[in-house]
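Here is the structure we will look at.
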Amino acid sequence: MLGCSFGALVGLQLAHDHPGRLHTLIAHEPAAPALLPEEERARAVAALAGMQDTFHRDGWRAALHGVMAATGIAAHQDREPGAGPQSFGPEREADFTTFLAHDLTTVRRSTFGPGQADALAAGPARVVPAIGAATDPTVYSYRCAEVLAGRLGTDLARLPGGHNGNLTHPRAFAAGLHELLTAALREG
């Protein structure tokens, strides 16, 4: 399974709550602030709450600036040839509205922390913490991946692009993902 950001948090919770359901989880920049040390966690949760406040006050487009800042997504990102810019048009309103109104609440309230990560280290699923090669290491989701790797006793995998490398570098990201999954199958 590949989980990116919020999807990685969902995958981690699934692997923890239902051991044996997943063989391999690639957890790309998991949005799991409870993994972080208290001070970092408080900053991340406050930033997420601020995004939601902006959303409720000024709408989804205004809140995107906070989302981009929190995840290290630049307005003008490097892209592989042929990858077009992301759409932020009206067709994306429902997705971003759901994310800002509901998914961010789940991320803020998530309790997936060090104890759950330690349990995964001893469990049957292979969890591969991953980061975008272009992601700023101070971004909270990068730090979550870094802390997760430390708890699991494994290295961070690097995939092309940043937090949204699957969109800015789709072919290279897919090739990197294929390598990670192939390695996981070879290792059993």
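Residue numbers start at 1 in each chain; chains themselves are named A, B, ... in the order of the structure tokens; ligands are numbered from 1 in the order shown.
In the backbone-derived DSSP annotation, alpha helix (DSSP H) within stretch 77-143 of chain A comprises Glu93, Ala94, Asp95, Phe96, Thr97, Thr98, Leu104, Thr105, Thr106, Val107, Arg108, Arg109, Pro114, Gly115, Gln116, Ala117, Asp118, Ala119, Leu120, Ala121, Tyr140, Ser141, Tyr142 and Arg143 of chain A.
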- prompt: Leaving out A:Ala183 and any residue of its chain fewer than 4 positions from it, which residues lie within 12 Å of it when counting only C-alpha atoms, given as a list in words?
  reply: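 The neighbour list is Thr24, Ile26, Arg126, Val128, Ala157, Gly176, Leu177, His178, Glu179, Glu187 and Gly188 of chain A.
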Can you write just those residues out, C-alpha atoms, as a PDB file, in the first residue's frame?
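Contents of the output file result_14.pdb:
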ATOM      1  CA  THR A  24       4.086  -3.539   2.923  1.00  0.00           C
ATOM      2  CA  ILE A  26       5.133   2.906   1.915  1.00  0.00           C
ATOM      3  CA  ARG A 126       6.947  -3.961   6.505  1.00  0.00           C
ATOM      4  CA  VAL A 128       8.875   1.943   4.693  1.00  0.00           C
ATOM      5  CA  ALA A 157      13.402   6.059   1.508  1.00  0.00           C
ATOM      6  CA  GLY A 176      10.847   4.751  -7.251  1.00  0.00           C
ATOM      7  CA  LEU A 177       7.730   3.235  -5.721  1.00  0.00           C
ATOM      8  CA  HIS A 178       8.098   0.173  -7.952  1.00  0.00           C
ATOM      9  CA  GLU A 179      11.683  -0.274  -6.723  1.00  0.00           C
ATOM     10  CA  GLU A 187      12.823  -9.518   1.269  1.00  0.00           C
ATOM     11  CA  GLY A 188       9.704 -11.506   2.059  1.00  0.00           C
TER      12      GLY A 188
END
field: Nearby residues (only C-alpha atoms) at most 9 Å from stretch 42-56 of chain A, same-chain spacing under 5 positions excluded, as a ChimeraX atom specification
entry: /A:33-34,36-37,61-67,70,97,100-101,104-105,107-109,140
Create the file for the chosen residues now, containing C-alpha atoms and written as a CSV table (one decimal), in the first residue's frame.
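The resulting file, out37.csv, is shown below:
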chain,number,residue,atom,x,y,z
A,33,PRO,CA,2.0,14.8,14.4
A,34,ALA,CA,1.6,12.6,17.5
A,36,LEU,CA,6.7,14.2,17.1
A,37,PRO,CA,8.2,15.5,20.4
A,61,ARG,CA,-8.5,28.8,-1.6
A,62,ALA,CA,-7.3,31.0,1.3
A,63,ALA,CA,-6.5,28.0,3.4
A,64,LEU,CA,-4.3,26.5,0.6
A,65,HIS,CA,-1.5,28.9,1.5
A,66,GLY,CA,-1.2,27.3,4.9
A,67,VAL,CA,-1.4,23.8,3.5
A,70,ALA,CA,3.0,23.3,6.2
A,97,THR,CA,-13.3,21.3,1.3
A,100,LEU,CA,-9.9,21.0,5.3
A,101,ALA,CA,-13.2,20.5,7.1
A,104,LEU,CA,-7.4,17.8,9.0
A,105,THR,CA,-9.5,17.3,12.2
A,107,VAL,CA,-4.9,14.4,11.6
A,108,ARG,CA,-5.0,16.9,14.5
A,109,ARG,CA,-6.7,14.4,16.8
A,140,TYR,CA,6.4,18.6,9.9
Strand (DSSP E or B) call set, DSSP backbone run, chain A, as an MDAnalysis selection string: chainID A and resid 2:4 24:28 126:132 157:159
Those residues you just picked out, can you put them in a file as a PDB file, in the first residue's frame with C-alpha atoms?
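Output saved as part_13.pdb:
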ATOM      1  CA  LEU A   2       1.132   3.539  -0.713  1.00  0.00           C
ATOM      2  CA  GLY A   3      -0.090   6.217   1.653  1.00  0.00           C
ATOM      3  CA  CYS A   4       0.846   9.840   1.074  1.00  0.00           C
ATOM      4  CA  THR A  24       4.086  -3.539   2.923  1.00  0.00           C
ATOM      5  CA  LEU A  25       3.210   0.102   3.538  1.00  0.00           C
ATOM      6  CA  ILE A  26       5.133   2.906   1.915  1.00  0.00           C
ATOM      7  CA  ALA A  27       4.359   5.780   4.315  1.00  0.00           C
ATOM      8  CA  HIS A  28       5.265   8.882   2.286  1.00  0.00           C
ATOM      9  CA  ARG A 126       6.947  -3.961   6.505  1.00  0.00           C
ATOM     10  CA  VAL A 127       6.634  -0.189   6.894  1.00  0.00           C
ATOM     11  CA  VAL A 128       8.875   1.943   4.693  1.00  0.00           C
ATOM     12  CA  PRO A 129       8.965   5.583   5.809  1.00  0.00           C
ATOM     13  CA  ALA A 130       9.557   7.798   2.785  1.00  0.00           C
ATOM     14  CA  ILE A 131      10.137  11.460   2.083  1.00  0.00           C
ATOM     15  CA  GLY A 132      10.226  13.575  -1.025  1.00  0.00           C
ATOM     16  CA  ALA A 157      13.402   6.059   1.508  1.00  0.00           C
ATOM     17  CA  ARG A 158      13.621   9.011  -0.868  1.00  0.00           C
ATOM     18  CA  LEU A 159      11.154   9.458  -3.692  1.00  0.00           C
TER      19      LEU A 159
END
- prompt: Mind pulling up the distance from atom CA of A:Met1 to atom CA of A:Thr98?
  reply: 22.4 Å
field: Shell around A:Pro30 at 8 Å using only C-alpha atoms, local window under 5 positions removed, as a PyMOL selection string
entry: chain A and resi 3-9+141-142+144-145
A:Glu80 environment, 9 Å, only C-alpha atoms, sequence neighbours closer than 4 positions dropped, as a PDB file with C-alpha atoms, in the first residue's frame:
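Now in part_33.pdb:
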ATOM      1  CA  GLY A  84       1.428  19.766 -15.909  1.00  0.00           C
ATOM      2  CA  GLY A 161       9.769  15.519  -5.875  1.00  0.00           C
ATOM      3  CA  THR A 168       5.023  16.761  -9.970  1.00  0.00           C
ATOM      4  CA  HIS A 169       7.164  13.749 -10.904  1.00  0.00           C
ATOM      5  CA  PRO A 170       4.609  11.016 -11.670  1.00  0.00           C
ATOM      6  CA  ARG A 171       6.819   8.734 -13.783  1.00  0.00           C
ATOM      7  CA  ALA A 172       9.901   9.030 -11.577  1.00  0.00           C
TER       8      ALA A 172
END
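The space separating atom CA of A:Ala134 from atom CA of A:Ala94 comes to 28.0 Å.
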message: Ranking A:Ala83, A:His102, A:Pro90, A:Arg151 by minimum distance to A:Phe173 and counting only C-alpha atoms, which one comes first?
response: A:Ala83
Close residues, A:Phe112 itself excluded, 10 Å, only C-alpha atoms, min 2 positions apart in chain, as number ranges by chain: A: 9-10, 12-13, 16, 31-35, 107, 109-110, 114-117
query: Nearest to A:Phe99: which of A:Gly162, A:Thr154, A:Leu148, A:Trp60 is it, counting only C-alpha atoms?
result: A:Trp60
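Shortest separation to A:Ala69 among A:Leu14, A:Val139, A:Leu181, A:Ala125 occurs at residue A:Val139, atoms counted being only C-alpha atoms.
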